[in-house]
>>> print(open('protein_21.pdb').read())   # PDB, C-alpha atoms
ATOM      1  CA  MET A  18     189.682 154.046  34.212
ATOM      2  CA  PRO A  19     191.247 154.407  37.686
ATOM      3  CA  ASP A  20     193.869 151.877  38.689
ATOM      4  CA  PHE A  21     192.864 152.084  42.368
ATOM      5  CA  ASN A  22     189.846 152.131  44.648
ATOM      6  CA  LEU A  23     190.127 153.454  48.190
ATOM      7  CA  HIS A  24     186.476 153.239  49.249
ATOM      8  CA  THR A  25     185.795 149.590  50.040
ATOM      9  CA  HIS A  26     183.637 148.070  52.774
ATOM     10  CA  THR A  27     183.416 144.629  54.333
ATOM     11  CA  ALA A  28     180.606 142.503  55.708
ATOM     12  CA  ARG A  29     181.435 143.775  59.198
ATOM     13  CA  CYS A  30     179.423 146.931  58.517
ATOM     14  CA  ARG A  31     176.309 144.750  58.217
ATOM     15  CA  HIS A  32     175.186 146.240  54.914
ATOM     16  CA  ALA A  33     177.927 144.822  52.677
ATOM     17  CA  VAL A  34     178.486 141.281  51.430
ATOM     18  CA  GLY A  35     181.452 139.109  50.484
ATOM     19  CA  THR A  36     184.663 138.010  52.141
ATOM     20  CA  ASP A  37     187.642 140.323  52.477
ATOM     21  CA  GLU A  38     189.600 138.106  50.116
ATOM     22  CA  ALA A  39     186.822 138.233  47.505
ATOM     23  CA  TYR A  40     187.256 142.021  47.326
ATOM     24  CA  VAL A  41     190.987 141.579  46.758
ATOM     25  CA  GLN A  42     190.485 139.007  44.017
ATOM     26  CA  ALA A  43     187.864 141.191  42.316
ATOM     27  CA  ALA A  44     190.181 144.202  42.495
ATOM     28  CA  ILE A  45     192.991 142.236  40.855
ATOM     29  CA  LYS A  46     190.600 141.095  38.120
ATOM     30  CA  ALA A  47     189.568 144.732  37.583
ATOM     31  CA  GLY A  48     193.216 145.664  37.009
ATOM     32  CA  PHE A  49     193.756 147.764  40.126
ATOM     33  CA  LYS A  50     197.248 148.531  41.348
ATOM     34  CA  VAL A  51     195.950 149.556  44.775
ATOM     35  CA  LEU A  52     192.974 148.496  46.882
ATOM     36  CA  GLY A  53     192.124 150.372  50.058
ATOM     37  CA  PHE A  54     189.782 148.897  52.645
ATOM     38  CA  SER A  55     187.844 151.631  54.445
ATOM     39  CA  ASP A  56     185.063 150.030  56.412
ATOM     40  CA  HIS A  57     182.915 152.138  58.741
ATOM     41  CA  CYS A  58     184.880 153.143  61.812
ATOM     42  CA  PRO A  59     183.886 151.626  65.163
ATOM     43  CA  PHE A  60     183.266 153.912  68.122
ATOM     44  CA  ALA A  61     183.664 152.775  71.735
ATOM     45  CA  CYS A  62     180.516 154.688  72.734
ATOM     46  CA  LEU A  63     178.333 153.036  70.101
ATOM     47  CA  ARG A  64     177.063 149.528  69.492
ATOM     48  CA  ASP A  65     175.649 149.558  65.994
ATOM     49  CA  GLN A  66     173.834 146.675  64.363
ATOM     50  CA  ARG A  67     173.179 148.388  61.027
ATOM     51  CA  ASP A  68     176.036 150.533  59.813
ATOM     52  CA  ARG A  69     179.441 149.642  61.275
ATOM     53  CA  MET A  70     181.630 147.108  62.970
ATOM     54  CA  ASN A  71     181.677 147.165  66.754
ATOM     55  CA  SER A  72     184.841 147.718  68.766
ATOM     56  CA  GLU A  73     185.471 144.032  69.438
ATOM     57  CA  GLU A  74     185.582 143.372  65.690
ATOM     58  CA  LYS A  75     188.299 145.934  65.023
ATOM     59  CA  ALA A  76     191.259 143.628  65.672
ATOM     60  CA  GLY A  77     189.866 140.995  63.325
ATOM     61  CA  TYR A  78     189.438 143.616  60.602
ATOM     62  CA  LEU A  79     192.985 144.927  60.916
ATOM     63  CA  ASN A  80     194.476 141.426  61.140
ATOM     64  CA  SER A  81     192.544 140.209  58.105
ATOM     65  CA  ILE A  82     193.698 143.108  55.938
ATOM     66  CA  ALA A  83     197.293 142.704  57.152
ATOM     67  CA  SER A  84     197.192 139.016  56.179
ATOM     68  CA  LEU A  85     195.836 139.837  52.729
ATOM     69  CA  LYS A  86     198.509 142.514  52.236
ATOM     70  CA  ASP A  87     201.124 139.829  52.717
ATOM     71  CA  LYS A  88     199.388 137.095  50.732
ATOM     72  CA  TYR A  89     198.832 139.279  47.648
ATOM     73  CA  ARG A  90     201.884 141.534  47.936
ATOM     74  CA  ASP A  91     203.173 140.480  44.495
ATOM     75  CA  GLN A  92     199.861 141.211  42.772
ATOM     76  CA  ILE A  93     198.380 144.326  44.364
ATOM     77  CA  THR A  94     199.086 146.922  47.055
ATOM     78  CA  ILE A  95     196.517 146.737  49.853
ATOM     79  CA  LEU A  96     195.923 149.582  52.307
ATOM     80  CA  THR A  97     194.057 149.626  55.601
ATOM     81  CA  GLY A  98     191.705 152.450  56.475
ATOM     82  CA  TYR A  99     188.401 153.512  57.950
ATOM     83  CA  GLU A 100     185.509 155.622  56.770
ATOM     84  CA  PHE A 101     184.645 157.839  59.718
ATOM     85  CA  GLU A 102     182.212 160.521  60.827
ATOM     86  CA  TYR A 103     183.661 163.534  62.571
ATOM     87  CA  PHE A 104     182.300 164.291  66.029
ATOM     88  CA  PRO A 105     184.233 166.886  68.091
ATOM     89  CA  SER A 106     183.695 164.864  71.278
ATOM     90  CA  LEU A 107     185.515 161.866  69.739
ATOM     91  CA  ARG A 108     188.682 163.606  68.507
ATOM     92  CA  GLN A 109     191.021 161.491  70.639
ATOM     93  CA  GLU A 110     189.451 158.214  69.555
ATOM     94  CA  LEU A 111     189.568 159.271  65.911
ATOM     95  CA  GLN A 112     193.257 160.084  66.238
ATOM     96  CA  GLU A 113     193.831 156.595  67.668
ATOM     97  CA  ARG A 114     192.028 155.048  64.697
ATOM     98  CA  ARG A 115     194.127 157.192  62.364
ATOM     99  CA  ASP A 116     197.347 156.056  63.990
ATOM    100  CA  GLU A 117     196.544 152.373  63.415
ATOM    101  CA  THR A 118     195.696 152.652  59.700
ATOM    102  CA  ASP A 119     197.267 153.713  56.408
ATOM    103  CA  TYR A 120     194.601 156.325  55.713
ATOM    104  CA  MET A 121     191.187 157.662  56.755
ATOM    105  CA  ILE A 122     188.175 158.580  54.623
ATOM    106  CA  LEU A 123     185.825 161.233  55.968
ATOM    107  CA  GLY A 124     182.246 160.216  55.189
ATOM    108  CA  ASN A 125     179.786 162.201  57.281
ATOM    109  CA  HIS A 126     176.480 160.400  57.871
ATOM    110  CA  TYR A 127     175.143 161.195  61.339
ATOM    111  CA  LEU A 128     174.387 164.356  63.267
ATOM    112  CA  THR A 129     175.309 162.524  66.500
ATOM    113  CA  PRO A 130     176.828 159.054  67.051
ATOM    114  CA  GLY A 131     174.104 156.578  66.157
ATOM    115  CA  GLY A 132     171.559 159.384  65.782
ATOM    116  CA  THR A 133     169.754 160.980  62.861
ATOM    117  CA  ASP A 134     171.320 160.491  59.452
ATOM    118  CA  PHE A 135     171.917 163.486  57.178
ATOM    119  CA  CYS A 136     170.166 161.475  54.474
ATOM    120  CA  GLU A 137     167.017 161.701  56.617
ATOM    121  CA  ALA A 138     167.323 165.299  57.871
ATOM    122  CA  ALA A 139     169.282 167.817  55.826
ATOM    123  CA  GLU A 140     167.514 171.130  56.128
ATOM    124  CA  ASP A 141     169.697 174.128  55.301
ATOM    125  CA  GLU A 142     171.070 174.437  58.848
ATOM    126  CA  ASN A 143     172.073 170.762  58.880
ATOM    127  CA  VAL A 144     173.709 171.048  55.467
ATOM    128  CA  LEU A 145     175.873 173.842  56.849
ATOM    129  CA  LEU A 146     176.648 171.787  59.972
ATOM    130  CA  TYR A 147     177.647 168.897  57.706
ATOM    131  CA  ALA A 148     180.043 171.140  55.781
ATOM    132  CA  ARG A 149     181.553 172.749  58.877
ATOM    133  CA  ARG A 150     182.264 169.368  60.409
ATOM    134  CA  ILE A 151     184.064 168.312  57.263
ATOM    135  CA  ALA A 152     186.106 171.516  57.359
ATOM    136  CA  ALA A 153     186.959 170.979  61.044
ATOM    137  CA  ALA A 154     188.110 167.397  60.479
ATOM    138  CA  LEU A 155     190.291 168.474  57.561
ATOM    139  CA  ALA A 156     191.770 171.343  59.571
ATOM    140  CA  GLU A 157     192.701 168.860  62.297
ATOM    141  CA  GLY A 158     194.450 166.594  59.795
ATOM    142  CA  LEU A 159     192.212 163.601  60.464
ATOM    143  CA  ALA A 160     191.273 162.747  56.876
ATOM    144  CA  ASP A 161     193.049 161.911  53.632
ATOM    145  CA  TYR A 162     189.923 161.854  51.439
ATOM    146  CA  VAL A 163     186.366 163.248  51.600
ATOM    147  CA  ALA A 164     183.716 160.716  50.597
ATOM    148  CA  HIS A 165     180.425 161.629  48.873
ATOM    149  CA  PRO A 166     180.635 165.350  49.729
ATOM    150  CA  GLU A 167     177.080 165.999  48.497
ATOM    151  CA  TYR A 168     175.549 163.068  50.432
ATOM    152  CA  PHE A 169     173.031 165.418  52.054
ATOM    153  CA  MET A 170     171.089 165.630  48.760
ATOM    154  CA  LEU A 171     169.496 162.252  49.511
ATOM    155  CA  SER A 172     167.030 163.932  51.881
ATOM    156  CA  ARG A 173     166.406 167.194  50.038
ATOM    157  CA  ASP A 174     164.093 168.174  47.192
ATOM    158  CA  HIS A 175     166.264 170.954  45.754
ATOM    159  CA  TRP A 176     169.690 172.582  45.804
ATOM    160  CA  SER A 177     169.551 175.845  47.773
ATOM    161  CA  PRO A 178     171.863 178.829  48.427
ATOM    162  CA  ALA A 179     172.833 177.056  51.686
ATOM    163  CA  CYS A 180     174.001 174.101  49.586
ATOM    164  CA  ASP A 181     176.140 176.513  47.559
ATOM    165  CA  GLU A 182     177.655 177.838  50.779
ATOM    166  CA  ALA A 183     178.237 174.326  52.104
ATOM    167  CA  ALA A 184     179.952 173.337  48.862
ATOM    168  CA  ARG A 185     182.253 176.349  49.087
ATOM    169  CA  ILE A 186     183.122 175.521  52.718
ATOM    170  CA  ILE A 187     183.961 171.923  51.798
ATOM    171  CA  CYS A 188     185.931 172.821  48.679
ATOM    172  CA  ALA A 189     187.970 175.538  50.380
ATOM    173  CA  ALA A 190     188.823 173.191  53.243
ATOM    174  CA  ALA A 191     189.810 170.387  50.854
ATOM    175  CA  VAL A 192     192.095 172.662  48.851
ATOM    176  CA  ASN A 193     193.700 174.027  52.012
ATOM    177  CA  ALA A 194     194.285 170.512  53.382
ATOM    178  CA  GLU A 195     195.390 169.169  49.978
ATOM    179  CA  VAL A 196     192.830 166.385  50.251
ATOM    180  CA  PRO A 197     190.853 164.977  47.284
ATOM    181  CA  LEU A 198     187.087 164.935  47.094
ATOM    182  CA  GLU A 199     185.322 161.790  45.967
ATOM    183  CA  ILE A 200     183.170 161.437  42.883
ATOM    184  CA  ASN A 201     181.104 158.725  44.504
ATOM    185  CA  LEU A 202     179.806 156.042  42.152
ATOM    186  CA  LYS A 203     177.496 154.357  44.662
ATOM    187  CA  GLY A 204     175.075 157.303  44.732
ATOM    188  CA  MET A 205     173.751 156.177  41.375
ATOM    189  CA  LYS A 206     172.547 152.963  43.004
ATOM    190  CA  HIS A 207     169.637 154.903  44.499
ATOM    191  CA  GLY A 208     168.366 155.670  40.989
ATOM    192  CA  LYS A 209     167.155 159.047  39.805
ATOM    193  CA  LEU A 210     165.033 160.918  42.341
ATOM    194  CA  ALA A 211     162.508 163.724  41.913
ATOM    195  CA  TYR A 212     163.936 167.183  42.624
ATOM    196  CA  ARG A 213     162.679 170.655  41.742
ATOM    197  CA  GLU A 214     165.472 170.646  39.196
ATOM    198  CA  GLY A 215     164.070 167.476  37.641
ATOM    199  CA  TRP A 216     164.853 163.777  37.923
ATOM    200  CA  ARG A 217     168.498 163.172  38.788
ATOM    201  CA  TYR A 218     170.880 161.262  41.002
ATOM    202  CA  ALA A 219     171.337 162.538  44.569
ATOM    203  CA  TYR A 220     175.079 162.320  44.059
ATOM    204  CA  PRO A 221     177.239 163.045  42.219
ATOM    205  CA  TRP A 222     175.419 166.404  41.950
ATOM    206  CA  ALA A 223     176.380 168.663  39.060
ATOM    207  CA  ARG A 224     176.258 171.993  40.913
ATOM    208  CA  PHE A 225     178.626 170.748  43.605
ATOM    209  CA  TRP A 226     181.225 169.809  41.016
ATOM    210  CA  GLU A 227     180.763 173.079  39.174
ATOM    211  CA  ILE A 228     181.772 174.836  42.415
ATOM    212  CA  ALA A 229     184.617 172.363  42.981
ATOM    213  CA  GLY A 230     185.950 173.285  39.556
ATOM    214  CA  THR A 231     186.152 176.970  40.480
ATOM    215  CA  PHE A 232     188.315 176.013  43.462
ATOM    216  CA  GLY A 233     190.536 173.694  41.396
ATOM    217  CA  CYS A 234     189.791 170.807  43.745
ATOM    218  CA  ALA A 235     191.505 167.456  43.384
ATOM    219  CA  ALA A 236     189.161 164.488  43.003
ATOM    220  CA  VAL A 237     189.127 160.725  42.741
ATOM    221  CA  TYR A 238     186.485 158.236  41.709
ATOM    222  CA  GLY A 239     185.314 155.966  44.515
ATOM    223  CA  MET A 240     183.238 152.851  44.000
ATOM    224  CA  ASP A 241     182.111 152.803  47.652
ATOM    225  CA  ALA A 242     182.006 149.042  47.154
ATOM    226  CA  HIS A 243     179.691 146.948  49.294
ATOM    227  CA  ASP A 244     179.953 143.877  47.071
ATOM    228  CA  PRO A 245     183.088 142.586  45.270
ATOM    229  CA  ARG A 246     181.150 142.416  42.007
ATOM    230  CA  GLN A 247     180.733 146.190  41.987
ATOM    231  CA  PHE A 248     184.330 146.791  40.877
ATOM    232  CA  ALA A 249     183.356 145.536  37.410
ATOM    233  CA  LEU A 250     180.772 148.336  37.210
ATOM    234  CA  MET A 251     183.273 151.169  37.563
ATOM    235  CA  PRO A 252     183.890 151.837  33.839
ATOM    236  CA  GLN A 253     180.196 152.154  32.962
ATOM    237  CA  ARG A 254     179.432 154.236  36.075
ATOM    238  CA  ILE A 255     182.280 156.641  35.278
ATOM    239  CA  ALA A 256     181.165 156.901  31.647
ATOM    240  CA  GLU A 257     177.648 157.813  32.776
ATOM    241  CA  VAL A 258     178.862 160.355  35.345
ATOM    242  CA  GLN A 259     180.770 162.118  32.615
ATOM    243  CA  THR A 260     177.520 162.639  30.681
ATOM    244  CA  PHE A 261     175.904 164.785  33.394
ATOM    245  CA  ILE A 262     178.781 166.249  35.454
ATOM    246  CA  ASP A 263     181.087 168.953  34.095
ATOM    247  CA  LEU A 264     184.477 168.408  35.707
ATOM    248  CA  THR A 265     186.135 171.435  34.124
ATOM    249  CA  GLY A 266     188.679 172.786  36.585
ATOM    250  CA  VAL A 267     188.562 169.663  38.770
ATOM    251  CA  ARG A 268     191.875 167.817  38.933
ATOM    252  CA  VAL A 269     190.699 164.213  38.617
ATOM    253  CA  ARG A 270     193.350 161.668  39.571
ATOM    254  CA  GLU A 271     192.889 158.267  37.970
ATOM    255  CA  GLN A 272     196.432 156.881  38.185
ATOM    256  CA  TRP A 273     197.831 155.900  41.549
ATOM    257  CA  ASP A 274     201.324 157.073  40.634
ATOM    258  CA  ALA A 275     199.983 160.603  40.025
ATOM    259  CA  LEU A 276     197.993 160.783  43.266
ATOM    260  CA  GLN A 277     199.636 162.544  46.178
ATOM    261  CA  PHE A 278     197.926 160.567  48.890
ATOM    262  CA  GLY A 279     198.581 159.667  52.479
ATOM    263  CA  LYS A 280     198.740 161.096  55.928
ATOM    264  CA  LYS A 281     199.651 164.755  56.035
ATOM    265  CA  GLU A 282     201.975 166.178  58.636
ATOM    266  CA  LYS A 283     200.171 168.516  60.997
TER     267      LYS A 283
END
>>> encode(input="protein_21.pdb", output="structure tokens")
Amino acid sequence: MPDFNLHTHTARCRHAVGTDEAYVQAAIKAGFKVLGFSDHCPFACLRDQRDRMNSEEKAGYLNSIASLKDKYRDQITILTGYEFEYFPSLRQELQERRDETDYMILGNHYLTPGGTDFCEAAEDENVLLYARRIAAALAEGLADYVAHPEYFMLSRDHWSPACDEAARIICAAAVNAEVPLEINLKGMKHGKLAYREGWRYAYPWARFWEIAGTFGCAAVYGMDAHDPRQFALMPQRIAEVQTFIDLTGVRVREQWDALQFGKKEK
């Protein structure tokens, strides 16, 4: 069982529930040493009422987490971060967000800011675009962690050769940047979906992790919590993942002290 979770949202994203402090208290109850908040990154060019905080809420987010760091400093280490999408036109803004946080999670969702979601449109060409954007963000040193790398499977009906290529692009970039990939435990919330390969979860996806193993990728489990009560589900979710994903060759880090994590020097 991991002693940390770095993928944690807040109600500011408009699709999560619970107070910031409730997440901290639930993390302590779950036995975590470290809790990282990584709510969806605001963008100055985008007002979003469904998936992220807006720019005017950013200060409140950072101040709240800073206050909780101090209040619970003797019980748990709390880190401040964002989950962000990489758009080349927003490099400067992303660097500013990186400079004001402890870490950044790369979780690609949209083709353009506020536009079509990869979970709605992930034909082969978009899967490759998804992977190349991840590789570009890692090459620029913007991310410390890649969330749900096979997220695109939510909108597909099968795993194709383009998915293989995308997986190799992502895994090679992660190894080169020394950044872990996430075994995302929220994907199971969607239930098993119908694919040509049979009924299965969109993510984690077994073929992706088979490829990750050949690269010797580092990995962490991420609850992708949108409700404080979800931390209690981590043991059973991990146990189930291990029944259908072969992690041979993948360097899974479950102990914070063994995880080389943090901002990398460019």
>>> atom_distance(input="protein_21.pdb", atom1="CA of Gly158 in chain A", atom2="CA of Leu146 in chain A")
18.5 Å
>>> residues_near_point(input="protein_21.pdb", point="(188.7, 160.0, 53.3)", cutoff="7 Å", atoms="only C-alpha atoms", output="VMD selection string")
chain A and resid 100 121 to 124 160 to 164
>>> residues_around(input="protein_21.pdb", residues="range 242-245 of chain A", least_positions_apart="3", cutoff="10 Å", atoms="all atoms listed in the file", output="ChimeraX atom specification")
/A:22-28,30-44,54-56,202-203,239,248-249,251
>>> resolve_selection(input="protein_21.pdb", expression="the PyMOL selection byres ((chain A and resi 105) around 9)", output="MDAnalysis selection string")
chainID A and resid 103:104 106:108 150 153:154
>>> write_last_selection(input="protein_21.pdb", atoms="C-alpha atoms", output="PDB file, keeping the file's coordinate frame")
ATOM      1  CA  TYR A 103     183.661 163.534  62.571  1.00  0.00           C
ATOM      2  CA  PHE A 104     182.300 164.291  66.029  1.00  0.00           C
ATOM      3  CA  SER A 106     183.695 164.864  71.278  1.00  0.00           C
ATOM      4  CA  LEU A 107     185.515 161.866  69.739  1.00  0.00           C
ATOM      5  CA  ARG A 108     188.682 163.606  68.507  1.00  0.00           C
ATOM      6  CA  ARG A 150     182.264 169.368  60.409  1.00  0.00           C
ATOM      7  CA  ALA A 153     186.959 170.979  61.044  1.00  0.00           C
ATOM      8  CA  ALA A 154     188.110 167.397  60.479  1.00  0.00           C
TER       9      ALA A 154
END
>>> residues_near_point(input="protein_21.pdb", point="(194.1, 145.4, 54.4)", cutoff="12 Å", atoms="only C-alpha atoms", output="PyMOL selection string")
chain A and resi 23+25-27+37-38+40-41+51-56+76-90+93-99+117-120
>>> closest_residue(input="protein_21.pdb", among="A:Arg246, A:Gly132, A:Glu73, A:Glu113", to="Ala47 in chain A", atoms="all atoms listed in the file")
A:Arg246
>>> closest_residue(input="protein_21.pdb", among="A:Ile151, A:Glu157, A:Ala139, A:Glu102", to="Tyr127 in chain A", atoms="only C-alpha atoms")
A:Glu102
>>> residues_around(input="protein_21.pdb", residues="Trp226 in chain A", least_positions_apart="2", cutoff="10 Å", atoms="all atoms listed in the file", output="list in words")
Pro166, Glu167, Ala184, Cys188, Leu198, Ile200, Pro221, Trp222, Ala223, Arg224, Ile228, Ala229, Gly230, Thr231, Phe232, Cys234, Ala236, Ile262, Asp263, Leu264, Thr265, Gly266 and Val267 of chain A
